[in-house]
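Everything below concerns the one structure shown next.
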Amino acid sequence: MKTLPASRQARSAWLFLAPAGGLIGLFFFLPVTAGLLLSLTDFDIYAIAAPATARFVGLRNYLATLSNPMFWTAVKNTLYFVVVGGPLSVAVSLGAALLLNAPRVRLRSLFRTVYFAPVATTLVAVAIVWRYLYHPRYGLLNHVLGWFGIEPIEWLSDPQWAMPAIILLAVWKNFGYNMLIFLAGLQSISPELYEAAAIDGAGAWRRFRHVTLPGLAPVFLFVGVTTMIGYFQLFAEPYVMTQGGPFGSTRSIVLLMYEEGFRWWRMGVASTIAVLLLLITLAGALIQIRLQRRA
Amino acid sequence: MQLRSPASASGIGSGTTRRTLANVLLHLVLILGAVITLTPLVWMISASFMPAGGANTIPPRFLPRDPTLAQYVILFTRLNLARHFLNSALVTVVATIVSVLVNAMAGYAFAKLRFPGRDRIFQRLALALVVPAQVGMLPLFLLLRQLGLVNTFAGVMIPYFASIYGIFLIRQYALGVPDELLDAARVDGAGEFRIFWMIVLPVIRPILVTLAAFTFLSAWNDFMWPLIILSDSAKYTLPVALANLSGEHVQDTELMMAGSVVTIVPALIVFLVFQRSFVRGIMAGSIKG
């Protein structure tokens with residue numbers, strides 16, 4: 001049998017990889033590496049016209065950023081969004097998946113389609129829609145809350161409520177995605193495990209606790225880490241709904257980076273914020289992997 | 001597939017009633033969930049057909065009293081939204097076609113062609129999935145500025161052309177292509193590119209559709225990158241134009257709802273048509289984790 005010499009196959013492999021490799025190298029790896037270097041310079045609006053005028057300043061941007069209260073507010077706001085919004089969103093996804101996976105559900109695929117629909121929508125557009133739903137006087141949400149005797153809430157203009165409002169929108173927008181992943185996970189748990197547990201006299205709660213949850217452990221890790229990475233990148237919701245307000249209560253790390261970099265053109269400082277975001281994200285991912293391994 | 005609950009074995013009369021009740025309750029919760037999920041979208045569509053001021057009433061009106069296309073007329077005449085629609089369509093379609101080709105080639109090479117360092121390179125790529133795109137955004141902007149691509153559609157599209165996630169998706173699927181099929185073609189003297197084009201692409205077609213649908217949605221819905229790279233408002237894609245409009249027209253609820261409908265509906269149609277592909281893609285993505 002005539003087989004292709006390995007070297008010829010390798011040569012075609014490189015040709016197949018060249019377009020993707022070139023694009024990813026030039027437009028992803030190179031910029032990410034350059035971002036690390038940029039964070040060590042005083043690159044600003046003058047340097048955009050004449051890049052040679054940017055100077056190396058060592059860790060000055062880092063010291064300045066870490067002593068800037070605005071940065072810490074952004075970190076606090078983002079953590080609020082990640083720590084409250086992330087688990088809430090995962091919980092709603094799991095709940096929806098459990099409901100859909102229950103036996104004897106009618107119109108299962110219709111419900112699945114409906115629950116997933118917000119994922120496909122344009123974030124900017126639904127953020128605008130929700131801005132009106134949150135209107136304190138004319139908004140649907142306060143109207144419905146009024147049925148239960150709840151006083152109108154100034155959702156987006158009260159610093160106490162602005163971030164919860166953004167979290168609610170994010171949960172609505174995103175839960176369908178993880179719901180599908182949980183559904184795949186639930187369907188991979190062997191029915192015999194449930195039958196065995198039922199024979200042992202385990203009730204619904206104990207079956208959930210001792211069969212479903214352990215069976216979903218790898219799914220939880222995947223969903224937890226990917227959701228967290230995504231939630232750390234909060235940007236469009238506050239950009240459209242609150243512009244980071246009121247009183248900076250919804251200014252996220254990425255929004256701060258955008259303002260520094262593309263409104264004030266302090267590219268060095270903005271890159272520093274981006275690198276710190278990367279470090280915070282990595283730390284968060286590692287902590288979560290640790291915690292889940294132990295559980 | 002249907003799992004019997006243990007209650008069915010124990011009781012007969014009361015057990016059945018309890019099960020029916022639980023079943024009704026389950027469906028009530030599912031319906032409530034569907035209502036909550038759909039309400040913002042249905043209200044958006046409904047308000048877009050209201051005359052100016054029609055949505056600002058107490059109590060809030062859910063359906064338009066006199067449905068009108070006035071908001072859409074304003075959008076497509078005075079505000080020239082058709083231009084932004086075409087901008088978005090152009091960016092999205094080109095990005096999708098290029099992305100499918102580029103990622104299919106790379107994904108196939110990682111799955112089926114032997115070359116030194118293959119698995120090591122692939123694992124390195126996987127690590128990069130953790131890096132937030134924002135870390136590279138500022139230098140990418142400066143790089144594209146040097147290349148004269150700031151404020152161009154090419155500049156908007158470039159980040160979608162190749163994606164590590166896309167390569168993953170294709171590779172996973174292409175691993176299932178039988179080697180015998182490829183070797184038989186090689187014996188017949190077909191070149192590697194011809195094999196890829198004539199044999200591999202048709203076989204992996206389902207995952208190509210998945211990748212195309214994903215790329216379409218992420219390019220169509222993307223906001224931050226086009227916001228950064230486009231400075232000329234005539235070139236804005238729909239989400240950027242919409243965000244811009246919403247600043248000027250804060251009070252015009254009905255107009256903004258019509259703009260949101262125009263932006264969301266193409267995305268929803270693509271989702272509804274390619275639903276199965278989305279489900280497949282998301283589940284494939286989660287398995288590798």
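Just so we're on the same page: first chain in the structure tokens is A, next is B, and so on; residues restart at 1 for each chain, and ligands are numbered from 1 in the order they show up.
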Based on only C-alpha atoms, which of the residues in chain A come within 6 Å of chain B? I want them as a PyMOL selection string. chain A and resi 10+13+16-17+20+31-32+35+103+121-122+124-125+138+181+222+274
Using only C-alpha atoms, which protein or nucleic acid residues come within 9 Å of Arg131 of chain A? Drop anything in the same chain fewer than 6 positions from it, and give the result as a list in words.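 The neighbour list is Gly139, Leu156, Val240, Met241 and Thr242 of chain A.
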Surrounding residues of Thr73 of chain A excluding itself and chain neighbours under 2 positions, 8 Å, only C-alpha atoms, as a list in words: Pro69, Met70, Phe71, Val75, Lys76, Asn77, Gly248, Ser249 and Arg251 of chain A
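Surrounding segment 145-155 of chain A within 7 Å are Tyr134, Pro136, Leu141, Asn142, Asp158, Trp161, Ala162 and Ala165 of chain A, with only C-alpha atoms counted and residues fewer than 3 positions along the same chain left out.
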Excluding same-chain residues fewer than 5 positions from Ile273 of chain A, what lies within 12 Å of it counting only C-alpha atoms, as JSON, numbers by chain? {"A": [35, 36, 38, 39, 40, 61, 62, 63, 64, 65, 66, 68, 70, 71, 72, 74, 75, 252, 253, 254, 255, 256, 257, 258, 259, 260, 261, 266, 267, 268, 278, 279, 280], "B": [132, 134, 135, 136, 137, 138]}
Go ahead and compute the interatomic distance for atom CA of Pro51 of chain A and atom CA of Phe27 of chain A, in Å to one decimal.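 Between atom CA of Pro51 of chain A and atom CA of Phe27 of chain A the gap is 19.0 Å.
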Would you list the contacts of Ala212 of chain B as number ranges by chain, taking every protein, DNA or RNA residue within 9 Å and counting only C-alpha atoms, but skipping same-chain residues closer than 6 positions in sequence? B: 96-97, 99-100
Just write the chosen residues, C-alpha atoms, as an mmCIF file, in the first residue's frame.
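Saved file again33.cif follows:
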data_model
loop_
_atom_site.group_PDB
_atom_site.id
_atom_site.type_symbol
_atom_site.label_atom_id
_atom_site.label_comp_id
_atom_site.auth_asym_id
_atom_site.auth_seq_id
_atom_site.Cartn_x
_atom_site.Cartn_y
_atom_site.Cartn_z
ATOM 1 C CA THR B 96 -19.130 34.040 9.186
ATOM 2 C CA ILE B 97 -17.933 32.740 5.809
ATOM 3 C CA SER B 99 -14.447 32.064 10.027
ATOM 4 C CA VAL B 100 -15.991 28.781 8.907
#
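The residue that comes closest to Phe43 of chain A, out of A:Val171, A:Val269, A:Arg137, A:Val275 and on the basis of only C-alpha atoms, is A:Val269.
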Name all residues at most 8 Å from Pro159 of chain A (count only C-alpha atoms; drop same-chain ones fewer than 6 positions away) and give them as a PyMOL selection string. chain A and resi 245-247+249
For the selection just defined, write its residues with N, CA and C atoms to a file, as a tab-separated table (two decimals), in the first residue's frame.
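Generated output (selection.tsv):
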chain	number	residue	atom	x	y	z
A	245	GLY	N	-23.15	54.73	36.46
A	245	GLY	CA	-23.73	55.37	37.63
A	245	GLY	C	-24.77	54.48	38.27
A	246	PRO	N	-25.58	54.97	39.18
A	246	PRO	CA	-25.43	56.26	39.85
A	246	PRO	C	-24.29	56.24	40.87
A	247	PHE	N	-23.54	57.33	40.92
A	247	PHE	CA	-22.39	57.48	41.81
A	247	PHE	C	-21.38	56.34	41.64
A	249	SER	N	-21.80	53.31	41.02
A	249	SER	CA	-22.15	52.03	41.66
A	249	SER	C	-22.20	50.87	40.66
